[in-house]
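K.L.:
What follows is model35.csv, made up of CSV, C-alpha atoms:
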```
chain,number,residue,atom,x,y,z
A,1,MET,CA,10.6,-5.1,22.7
A,2,LEU,CA,14.2,-4.1,23.1
A,3,ALA,CA,15.3,-7.3,21.4
A,4,HIS,CA,13.4,-6.4,18.2
A,5,GLN,CA,13.2,-2.7,18.0
A,6,GLN,CA,16.4,-2.5,15.9
A,7,ALA,CA,15.2,-5.0,13.3
A,8,VAL,CA,11.8,-3.2,13.1
A,9,PHE,CA,13.4,0.2,12.8
A,10,ARG,CA,15.9,-0.8,10.2
A,11,PHE,CA,13.4,-2.6,8.1
A,12,ALA,CA,11.2,0.5,8.1
A,13,TYR,CA,14.2,2.7,7.3
A,14,LEU,CA,15.1,0.5,4.4
A,15,LEU,CA,11.6,0.5,3.0
A,16,LEU,CA,11.0,4.2,3.5
A,17,GLY,CA,14.5,5.8,3.4
A,18,ASP,CA,13.7,8.4,6.0
A,19,PRO,CA,14.7,8.0,9.7
A,20,ASP,CA,11.8,10.0,11.0
A,21,ASP,CA,9.2,8.0,9.1
A,22,ALA,CA,11.0,4.8,10.2
A,23,GLU,CA,10.8,5.9,13.8
A,24,ASP,CA,7.0,6.6,13.4
A,25,ILE,CA,6.5,3.2,11.9
A,26,ALA,CA,8.6,1.4,14.5
A,27,GLN,CA,6.6,3.1,17.3
A,28,GLU,CA,3.3,2.4,15.7
A,29,THR,CA,4.3,-1.3,15.1
A,30,PHE,CA,4.8,-1.9,18.8
A,31,LEU,CA,1.6,0.0,19.7
A,32,ARG,CA,-0.3,-2.1,17.3
A,33,ALA,CA,1.4,-5.3,18.5
A,34,TRP,CA,0.3,-4.4,22.0
A,35,LYS,CA,-3.2,-3.6,20.9
A,36,TYR,CA,-3.6,-6.9,19.0
A,37,LEU,CA,-1.6,-9.1,21.3
A,38,LYS,CA,-4.5,-11.5,21.7
A,39,ARG,CA,-4.3,-12.3,18.0
A,40,PHE,CA,-0.6,-13.4,18.3
A,41,ASP,CA,0.1,-17.1,18.6
A,42,PRO,CA,2.7,-17.3,21.4
A,43,SER,CA,4.0,-20.6,20.1
A,44,ARG,CA,5.4,-18.7,17.1
A,45,PRO,CA,8.4,-16.3,17.1
A,46,LEU,CA,7.5,-12.6,17.7
A,47,ARG,CA,10.0,-11.0,15.3
A,48,PRO,CA,8.2,-12.0,12.0
A,49,TRP,CA,4.9,-10.8,13.4
A,50,LEU,CA,6.4,-7.4,14.2
A,51,LEU,CA,8.1,-7.2,10.8
A,52,SER,CA,4.8,-8.1,9.2
A,53,ILE,CA,3.0,-5.2,11.0
A,54,ALA,CA,5.9,-2.9,10.1
A,55,SER,CA,5.8,-3.9,6.5
A,56,ASN,CA,2.0,-3.2,6.2
A,57,LEU,CA,2.4,0.2,7.9
A,58,ALA,CA,5.4,1.1,5.7
A,59,SER,CA,3.4,0.0,2.6
A,60,ASN,CA,0.5,2.2,3.6
A,61,LYS,CA,2.8,5.2,4.2
A,62,ARG,CA,4.5,4.7,0.9
A,63,ARG,CA,1.2,4.5,-0.8
A,64,SER,CA,-0.1,7.7,0.6
A,65,ALA,CA,3.1,9.6,-0.2
A,66,GLY,CA,4.0,7.4,-3.2
A,67,ARG,CA,1.1,8.5,-5.3
A,68,TYR,CA,2.4,12.0,-5.2
A,69,LEU,CA,6.1,11.4,-5.0
A,70,SER,CA,6.7,8.2,-7.0
A,71,ALA,CA,7.2,10.0,-10.3
A,72,ILE,CA,9.8,12.2,-8.6
A,73,THR,CA,11.4,9.1,-6.9
A,74,ARG,CA,11.6,7.3,-10.2
A,75,ALA,CA,13.2,10.3,-11.8
A,76,PHE,CA,15.8,10.2,-9.1
A,77,ARG,CA,16.3,6.5,-9.5
A,78,THR,CA,17.5,7.0,-13.0
A,79,GLU,CA,20.1,9.4,-11.7
A,80,PRO,CA,23.4,8.0,-10.4
A,81,PRO,CA,23.4,7.6,-6.6
A,82,PRO,CA,24.2,10.9,-4.8
A,83,THR,CA,27.8,11.4,-3.8
A,84,THR,CA,28.6,12.9,-0.4
A,85,ILE,CA,31.3,15.3,0.4
A,86,GLU,CA,32.3,13.5,3.6
A,87,GLU,CA,34.4,10.5,3.0
A,88,LYS,CA,32.7,7.2,3.5
A,89,ASN,CA,34.5,4.0,3.6
A,90,VAL,CA,34.2,1.6,0.7
A,91,GLU,CA,31.9,-0.8,2.5
A,92,GLN,CA,29.4,1.9,3.3
A,93,ASN,CA,29.5,3.2,-0.2
A,94,GLN,CA,28.9,-0.2,-1.6
A,95,ALA,CA,26.1,-1.0,0.8
A,96,ASN,CA,24.5,2.4,-0.1
A,97,THR,CA,24.8,1.7,-3.8
A,98,LEU,CA,23.3,-1.7,-3.3
A,99,TRP,CA,20.4,-0.1,-1.4
A,100,GLN,CA,19.9,2.3,-4.3
A,101,ALA,CA,19.7,-0.6,-6.7
A,102,VAL,CA,17.2,-2.5,-4.5
A,103,LYS,CA,15.1,0.6,-4.3
A,104,THR,CA,14.5,0.5,-8.0
A,105,LEU,CA,12.7,-2.9,-7.7
A,106,ASP,CA,9.0,-3.4,-6.9
A,107,PHE,CA,8.0,-3.1,-3.2
A,108,THR,CA,7.4,-6.8,-2.8
A,109,ASP,CA,10.9,-7.5,-4.2
A,110,GLN,CA,12.4,-4.9,-1.9
A,111,GLN,CA,10.7,-6.4,1.2
A,112,ILE,CA,12.0,-9.9,0.6
A,113,ILE,CA,15.6,-8.7,-0.2
A,114,TYR,CA,15.8,-6.5,2.8
A,115,LEU,CA,14.5,-9.2,5.1
A,116,ARG,CA,16.8,-11.9,3.7
A,117,TYR,CA,20.0,-10.1,2.9
A,118,PHE,CA,20.0,-6.8,4.8
A,119,LEU,CA,18.5,-8.0,8.0
A,120,GLU,CA,19.5,-11.7,7.5
A,121,ILE,CA,16.1,-13.0,8.6
A,122,PRO,CA,15.9,-16.8,8.0
A,123,VAL,CA,13.6,-18.1,5.3
A,124,ASN,CA,11.0,-19.5,7.7
A,125,GLU,CA,10.7,-16.1,9.5
A,126,THR,CA,10.6,-14.2,6.2
A,127,ALA,CA,7.7,-16.4,5.2
A,128,GLN,CA,5.9,-15.6,8.4
A,129,ALA,CA,6.6,-11.9,8.1
A,130,LEU,CA,5.3,-11.8,4.5
A,131,ASN,CA,2.4,-14.2,5.2
A,132,ILE,CA,3.5,-16.5,2.4
A,133,ALA,CA,4.8,-20.1,2.2
A,134,GLU,CA,8.5,-20.9,2.5
A,135,GLY,CA,8.4,-22.2,-1.1
A,136,THR,CA,6.9,-18.9,-2.2
A,137,VAL,CA,9.8,-17.0,-0.4
A,138,LYS,CA,12.3,-19.0,-2.5
A,139,SER,CA,10.5,-18.5,-5.8
A,140,ARG,CA,10.0,-14.8,-5.1
A,141,LEU,CA,13.6,-14.4,-4.1
A,142,ASN,CA,14.8,-16.0,-7.3
A,143,ARG,CA,12.7,-13.6,-9.3
A,144,ALA,CA,13.8,-10.6,-7.2
A,145,LEU,CA,17.5,-11.6,-7.4
A,146,GLU,CA,17.3,-12.0,-11.2
A,147,LYS,CA,15.9,-8.5,-11.5
A,148,LEU,CA,18.5,-7.1,-9.1
A,149,ARG,CA,21.3,-8.8,-11.0
A,150,LYS,CA,20.1,-7.1,-14.2
A,151,THR,CA,19.6,-3.7,-12.5
A,152,ILE,CA,23.1,-3.8,-11.1
A,153,LYS,CA,24.6,-4.8,-14.4
A,154,GLN,CA,22.7,-2.1,-16.3
A,155,ASP,CA,22.5,0.8,-13.9
A,156,PHE,CA,25.1,0.2,-11.1
A,157,PRO,CA,28.1,-1.4,-13.0
A,158,LEU,CA,30.5,-0.1,-10.4
A,159,LEU,CA,28.9,-2.2,-7.8
A,160,SER,CA,29.2,-5.2,-10.0
A,161,GLU,CA,32.9,-4.5,-10.6
A,162,GLY,CA,33.4,-3.9,-6.9
A,163,ARG,CA,32.1,-7.3,-6.1
A,164,LYS,CA,34.4,-8.9,-8.6
A,165,ALA,CA,37.4,-7.2,-7.2
B,1,MET,CA,22.8,-20.0,-0.8
B,2,ASN,CA,24.6,-19.1,-4.0
B,3,GLU,CA,27.6,-16.8,-4.5
B,4,PHE,CA,25.5,-13.8,-5.5
B,5,GLU,CA,23.4,-14.1,-2.3
B,6,LYS,CA,26.5,-14.4,-0.1
B,7,GLN,CA,27.9,-11.2,-1.8
B,8,LEU,CA,24.7,-9.3,-1.1
B,9,ILE,CA,24.8,-10.2,2.6
B,10,GLU,CA,28.5,-9.1,2.7
B,11,ILE,CA,27.8,-5.8,1.0
B,12,ALA,CA,24.7,-5.2,3.1
B,13,LYS,CA,26.7,-5.6,6.3
B,14,GLY,CA,28.3,-2.2,5.4
B,15,MET,CA,24.9,-0.4,5.5
B,16,ASP,CA,25.2,2.8,7.5
B,17,TYR,CA,21.9,2.8,9.5
B,18,PRO,CA,20.8,5.7,11.6
B,19,SER,CA,21.0,4.9,15.3
B,20,THR,CA,18.0,3.0,16.5
B,21,PRO,CA,15.7,5.4,18.5
B,22,ASP,CA,14.4,4.5,21.9
B,23,VAL,CA,11.2,2.9,20.6
B,24,ALA,CA,10.7,0.8,23.7
B,25,GLY,CA,10.8,3.9,25.9
B,26,PHE,CA,8.3,5.8,23.8
B,27,VAL,CA,5.9,2.9,23.6
B,28,SER,CA,6.1,2.2,27.3
B,29,GLU,CA,5.4,5.8,28.0
B,30,ARG,CA,2.4,5.7,25.6
B,31,LEU,CA,1.0,2.6,27.2
B,32,ARG,CA,1.2,4.0,30.7
B,33,PRO,CA,-2.5,4.7,31.4
B,34,ALA,CA,-2.1,7.6,33.9
B,35,LYS,CA,0.1,9.8,31.8
B,36,SER,CA,-0.7,11.5,28.6
B,37,PRO,CA,1.7,10.9,25.7
B,38,ARG,CA,4.7,13.1,25.9
B,39,PHE,CA,5.2,13.1,22.2
B,40,ILE,CA,3.0,13.0,19.2
B,41,SER,CA,4.7,11.9,16.0
B,42,LYS,CA,4.5,14.1,12.9
B,43,THR,CA,2.3,11.5,11.2
B,44,TRP,CA,-0.1,11.4,14.1
B,45,ALA,CA,-0.2,15.1,14.4
B,46,TRP,CA,-0.9,15.7,10.7
B,47,SER,CA,-3.6,13.0,10.7
B,48,LEU,CA,-5.2,14.4,13.8
B,49,THR,CA,-5.1,17.9,12.5
B,50,ILE,CA,-6.6,16.9,9.1
B,51,VAL,CA,-9.4,14.9,10.7
B,52,LEU,CA,-10.2,17.7,13.2
B,53,ILE,CA,-10.3,20.3,10.5
B,54,LEU,CA,-12.4,18.2,8.3
B,55,LEU,CA,-14.9,17.2,11.0
B,56,SER,CA,-15.1,20.7,12.5
B,57,SER,CA,-15.7,22.3,9.0
B,58,LEU,CA,-18.3,19.7,8.2
B,59,MET,CA,-20.1,20.2,11.5
B,60,LEU,CA,-20.4,23.9,10.8
B,61,ILE,CA,-22.5,23.2,7.7
B,62,PRO,CA,-26.1,22.2,8.5
B,63,PRO,CA,-26.6,19.7,5.6
B,64,ALA,CA,-23.3,18.1,6.5
B,65,ARG,CA,-24.3,17.7,10.1
B,66,ALA,CA,-27.2,15.5,8.9
B,67,ALA,CA,-24.9,13.7,6.5
B,68,ILE,CA,-22.6,12.7,9.3
B,69,LEU,CA,-25.5,11.1,11.1
B,70,GLU,CA,-26.8,9.1,8.1
B,71,PHE,CA,-24.9,6.9,5.8
B,72,ILE,CA,-25.3,3.8,3.7
B,73,GLN,CA,-23.0,0.8,4.4
B,74,ILE,CA,-22.2,-1.7,1.7
B,75,GLY,CA,-19.5,-4.1,2.9
B,76,ILE,CA,-16.8,-1.9,4.3
B,77,VAL,CA,-17.8,1.0,2.1
B,78,ARG,CA,-19.6,3.8,3.9
B,79,ILE,CA,-21.5,6.3,1.8
B,80,PHE,CA,-22.8,9.7,3.0
B,81,PRO,CA,-25.6,10.5,0.6
B,82,GLN,CA,-26.4,14.1,1.8
B,83,PRO,CA,-25.0,16.9,-0.4
B,84,ILE,CA,-22.5,19.1,1.3
B,85,GLU,CA,-21.6,22.7,0.5
B,86,PRO,CA,-18.6,23.0,-1.7
B,87,THR,CA,-16.7,24.9,1.1
B,88,ALA,CA,-15.9,21.6,2.7
B,89,GLU,CA,-13.3,20.6,0.2
B,90,PRO,CA,-11.2,17.4,0.5
B,91,THR,CA,-7.9,17.8,2.1
B,92,GLN,CA,-5.9,16.3,-0.7
B,93,THR,CA,-6.7,15.2,-4.2
B,94,ILE,CA,-4.9,13.0,-6.6
B,95,ALA,CA,-5.6,12.0,-10.2
B,96,PRO,CA,-8.5,9.6,-11.0
B,97,ILE,CA,-8.1,6.1,-12.3
B,98,THR,CA,-11.1,6.2,-14.5
B,99,GLY,CA,-12.2,8.7,-17.0
B,100,THR,CA,-9.1,10.8,-16.7
B,101,PRO,CA,-8.7,13.1,-19.7
B,102,ILE,CA,-5.0,12.7,-19.8
B,103,SER,CA,-3.1,9.5,-20.5
B,104,SER,CA,-3.7,7.0,-17.8
B,105,LEU,CA,-0.6,5.0,-18.1
B,106,PRO,CA,1.8,7.3,-16.2
B,107,PHE,CA,-0.6,7.4,-13.4
B,108,LEU,CA,-1.0,3.7,-13.3
B,109,GLU,CA,2.7,3.3,-13.0
B,110,THR,CA,2.6,5.3,-9.8
B,111,ILE,CA,0.2,2.9,-8.0
B,112,ALA,CA,1.9,0.8,-5.4
B,113,GLY,CA,1.9,-3.0,-5.5
B,114,LYS,CA,2.0,-3.7,-9.2
B,115,THR,CA,2.2,-7.4,-9.8
B,116,THR,CA,0.9,-10.2,-12.1
B,117,LEU,CA,-2.5,-11.9,-11.8
B,118,GLU,CA,-0.8,-15.1,-10.9
B,119,ASP,CA,1.3,-13.5,-8.2
B,120,ALA,CA,-1.7,-11.6,-6.9
B,121,GLN,CA,-3.6,-14.8,-6.4
B,122,GLU,CA,-0.7,-16.2,-4.4
B,123,GLN,CA,-0.7,-13.1,-2.2
B,124,VAL,CA,-4.4,-13.1,-1.3
B,125,THR,CA,-6.6,-15.6,0.4
B,126,TYR,CA,-9.8,-15.0,-1.6
B,127,PRO,CA,-10.3,-15.9,-5.2
B,128,ILE,CA,-9.6,-13.1,-7.7
B,129,LEU,CA,-12.7,-13.4,-9.9
B,130,LEU,CA,-12.6,-12.2,-13.5
B,131,PRO,CA,-15.5,-10.9,-15.6
B,132,THR,CA,-16.7,-12.8,-18.6
B,133,TYR,CA,-18.6,-9.8,-19.9
B,134,PRO,CA,-17.9,-8.2,-22.3
B,135,ALA,CA,-17.0,-11.4,-24.1
B,136,ASP,CA,-13.7,-10.1,-25.3
B,137,ILE,CA,-12.7,-8.5,-22.0
B,138,GLY,CA,-9.8,-10.9,-21.3
B,139,GLU,CA,-7.4,-10.6,-18.4
B,140,PRO,CA,-6.7,-7.2,-16.8
B,141,ASP,CA,-3.8,-5.1,-18.2
B,142,TYR,CA,-2.7,-4.0,-14.7
B,143,VAL,CA,-2.9,-5.9,-11.4
B,144,PHE,CA,-2.1,-4.4,-8.0
B,145,VAL,CA,-2.1,-5.9,-4.5
B,146,GLN,CA,-1.8,-3.4,-1.7
B,147,ASN,CA,-1.1,-4.3,1.8
B,148,ALA,CA,-3.4,-2.8,4.4
B,149,ASP,CA,-4.7,-4.8,7.3
B,150,GLY,CA,-5.8,-7.2,4.6
B,151,ASN,CA,-4.6,-7.4,1.0
B,152,MET,CA,-6.7,-5.3,-1.4
B,153,THR,CA,-6.5,-6.3,-5.1
B,154,ILE,CA,-7.1,-3.8,-7.9
B,155,LEU,CA,-7.5,-5.0,-11.5
B,156,VAL,CA,-7.4,-2.4,-14.3
B,157,TRP,CA,-8.4,-2.9,-17.9
B,158,LEU,CA,-7.4,-0.4,-20.6
B,159,ASP,CA,-9.7,0.7,-23.3
B,160,PRO,CA,-9.1,-1.4,-26.3
B,161,GLN,CA,-10.1,1.5,-28.5
B,162,ASN,CA,-7.6,3.8,-26.7
B,163,SER,CA,-4.9,2.1,-24.8
B,164,GLU,CA,-4.0,5.4,-23.2
B,165,SER,CA,-7.2,5.4,-21.1
B,166,VAL,CA,-8.8,3.1,-18.6
B,167,LEU,CA,-11.9,1.1,-19.5
B,168,MET,CA,-12.6,0.0,-15.9
B,169,SER,CA,-11.0,-1.0,-12.7
B,170,LEU,CA,-12.2,-3.6,-10.2
B,171,HIS,CA,-11.3,-3.5,-6.5
B,172,PHE,CA,-11.5,-6.5,-4.1
B,173,VAL,CA,-11.4,-5.2,-0.6
B,174,PRO,CA,-11.4,-7.8,2.1
B,175,ASP,CA,-12.8,-7.3,5.6
B,176,GLY,CA,-10.3,-5.9,8.0
B,177,SER,CA,-8.8,-3.9,5.1
B,178,TRP,CA,-9.3,-0.3,4.7
B,179,ALA,CA,-12.5,1.4,5.6
B,180,ILE,CA,-13.6,3.4,2.5
B,181,GLU,CA,-15.9,6.3,2.8
B,182,LYS,CA,-17.5,7.8,-0.2
B,183,VAL,CA,-18.5,11.3,0.8
B,184,ARG,CA,-21.3,13.1,-0.9
B,185,PRO,CA,-21.6,11.5,-4.3
B,186,THR,CA,-23.8,13.6,-6.6
B,187,THR,CA,-26.1,10.7,-7.5
B,188,LEU,CA,-26.9,7.5,-5.7
B,189,GLU,CA,-29.0,4.6,-7.0
B,190,GLU,CA,-29.8,1.5,-5.1
B,191,THR,CA,-29.7,-1.7,-7.2
B,192,THR,CA,-28.7,-5.4,-6.9
B,193,VAL,CA,-25.9,-7.6,-8.1
B,194,ASN,CA,-26.9,-11.3,-8.1
B,195,GLY,CA,-29.9,-10.3,-5.9
B,196,VAL,CA,-27.7,-8.6,-3.3
B,197,ARG,CA,-28.1,-5.0,-2.5
B,198,ALA,CA,-25.6,-2.7,-4.3
B,199,ILE,CA,-25.0,1.0,-4.8
B,200,TRP,CA,-24.4,2.8,-8.0
B,201,ALA,CA,-22.7,6.1,-7.4
B,202,VAL,CA,-22.3,8.6,-10.2
B,203,GLY,CA,-19.2,10.9,-9.9
B,204,PRO,CA,-17.4,13.1,-9.6
B,205,TYR,CA,-17.1,12.9,-5.9
B,206,PRO,CA,-14.4,12.8,-3.3
B,207,LEU,CA,-13.4,9.4,-2.0
B,208,ARG,CA,-11.7,9.1,1.3
B,209,PHE,CA,-9.7,6.0,2.3
B,210,THR,CA,-9.0,5.6,6.0
B,211,ASN,CA,-7.1,2.9,7.8
B,212,GLY,CA,-6.4,4.6,11.1
B,213,ASP,CA,-3.1,6.1,9.9
B,214,LEU,CA,-3.8,7.6,6.6
B,215,ASP,CA,-6.5,9.9,5.4
B,216,PHE,CA,-6.3,10.9,1.8
B,217,THR,CA,-8.8,11.9,-0.8
B,218,ARG,CA,-9.1,11.5,-4.5
B,219,ILE,CA,-11.7,12.4,-7.1
B,220,VAL,CA,-13.1,9.6,-9.2
B,221,HIS,CA,-14.6,10.9,-12.4
B,222,GLY,CA,-16.2,7.7,-13.4
B,223,ASN,CA,-19.2,5.9,-12.0
B,224,VAL,CA,-18.8,3.2,-9.3
B,225,LEU,CA,-20.8,0.1,-8.6
B,226,ILE,CA,-20.3,-1.2,-5.0
B,227,TRP,CA,-21.5,-4.5,-3.7
B,228,ALA,CA,-20.4,-7.1,-1.2
B,229,ASP,CA,-20.3,-10.8,-1.2
B,230,GLY,CA,-19.3,-12.5,2.0
B,231,THR,CA,-16.1,-10.9,3.3
B,232,ILE,CA,-15.2,-9.1,0.1
B,233,THR,CA,-16.4,-5.7,-0.9
B,234,TYR,CA,-16.2,-5.1,-4.7
B,235,ARG,CA,-15.9,-1.7,-6.3
B,236,LEU,CA,-16.3,-1.5,-10.1
B,237,GLU,CA,-15.2,1.9,-11.5
B,238,THR,CA,-16.2,2.5,-15.1
B,239,ASN,CA,-17.7,5.0,-17.4
B,240,MET,CA,-20.1,2.4,-18.7
B,241,SER,CA,-23.8,2.5,-18.0
B,242,LEU,CA,-25.4,0.9,-14.9
B,243,GLU,CA,-26.8,-1.9,-16.9
B,244,GLU,CA,-23.5,-2.8,-18.3
B,245,ALA,CA,-21.8,-2.5,-14.9
B,246,ILE,CA,-24.3,-4.9,-13.4
B,247,GLN,CA,-23.7,-7.3,-16.3
B,248,ILE,CA,-20.0,-7.2,-15.7
B,249,ALA,CA,-20.4,-7.6,-11.9
B,250,GLU,CA,-22.7,-10.6,-12.4
B,251,SER,CA,-20.3,-12.2,-14.8
B,252,LEU,CA,-17.5,-12.5,-12.3
B,253,GLN,CA,-16.2,-16.0,-12.2
B,254,ASN,CA,-13.2,-17.9,-10.8
B,255,PRO,CA,-10.9,-18.2,-13.9
```
Rewrite the structure from the file as structure tokens, please.
P.N.:
Amino acid sequence: MLAHQQAVFRFAYLLLGDPDDAEDIAQETFLRAWKYLKRFDPSRPLRPWLLSIASNLASNKRRSAGRYLSAITRAFRTEPPPTTIEEKNVEQNQANTLWQAVKTLDFTDQQIIYLRYFLEIPVNETAQALNIAEGTVKSRLNRALEKLRKTIKQDFPLLSEGRKA
Amino acid sequence: MNEFEKQLIEIAKGMDYPSTPDVAGFVSERLRPAKSPRFISKTWAWSLTIVLILLSSLMLIPPARAAILEFIQIGIVRIFPQPIEPTAEPTQTIAPITGTPISSLPFLETIAGKTTLEDAQEQVTYPILLPTYPADIGEPDYVFVQNADGNMTILVWLDPQNSESVLMSLHFVPDGSWAIEKVRPTTLEETTVNGVRAIWAVGPYPLRFTNGDLDFTRIVHGNVLIWADGTITYRLETNMSLEEAIQIAESLQNP
């Protein structure tokens, strides 16, 4: 559990953007994993299964809150990312800006980008976490990356310039 | 991995995550049988409170007490046919999909899991059937796949006469997905789809979705035809007549 709690918590945090919600999801993920342990194939890695549970729980949570808040969220998405008074280093600001850009994508695109590039989960484990074939991971990634590239170019040009620098 | 992907990984390394809480400690505590949980999360507390308030308020009303004991089950949909006093209002309401008097499009954009028909079929293990009635119905205008314990698919067709309103929506809810409870519809009629028992519910009525974590309610202003076939429960929401709804249901085919 200790080995995977960080990945599960961070994945939930990326998907939901709120540390309290992410903690709830992480706790519930492990409780569910325990409850349904008999369904788990021990010959397969545990991490993708946990991430899959976390993903479903986060999706449900977003759905319940999202129906009420998505309009507001979208409105915020069109605004530039918030600036903070406290100084953050360049890397953190760039990462946060990238996160804001990814948040504008569909939930399925967000999932796959967070798994592959933020959490650096290998393709085979990403496929297991999302219950899709490895080939589908690659095709979905291509589509998601294309959208992200356009979003960055259009709405987050500073990130694009930062990368070139 | 191309250059763009490498750059994404590099940038993402700078992500400032909150410190990881002691999830293992909490779960170990929860799983210890002799002790009661030392902490109930906000989500659990709210869900529990809502359920308790709902149940206790329903139990105070005599007709509701009867309704809780008798229900109709179609697939995973559970329907409580007894009328309940209006004091037991749903805990939360959101806008309807069907029959909304305002433009439907903004609402549709807020539904999670928007995707294409092709991608939806990749995501789910059951065939996404499409109606061949009415003859000019074509493919849905909106497709959503939502992750619960199973993947639920929702197809939405806009009204060709008024593209701002919804003609009908068709839900595919697999076993193991959400339990759906339709509470106190005003009119219920038993019918059949392809010879299988089906229920025709005339709205408006509250509709509760529960999956163990969530418990939210919405009002559907349209009529709903519910039937099951194997492991899939179908819900057809429309303002059309029962006869037309059955024709649509019976026309579903693998495209």
K.L.:
Counting all atoms listed in the file, which residues come within 9 Å of (4.9, -4.6, 9.0), with the point read in the file's coordinates, and could you list them as a count of residues only?
P.N.:
20
K.L.:
Rank nothing, just name the residue among B:Ile246, B:Ile76, B:Ile137, B:Val196 nearest to Phe172 (chain B), using all atoms listed in the file.
P.N.:
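Among B:Ile246, B:Ile76, B:Ile137, B:Val196, it is B:Ile76 that comes nearest to Phe172 (chain B).
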K.L.:
Any idea what's packed within 9 Å of Lys103 (chain A), counting only C-alpha atoms, ignoring anything in its chain fewer than 3 positions away? Could you give it as a ChimeraX atom specification?
P.N.:
/A:14-15,77,98-100,106-107,110
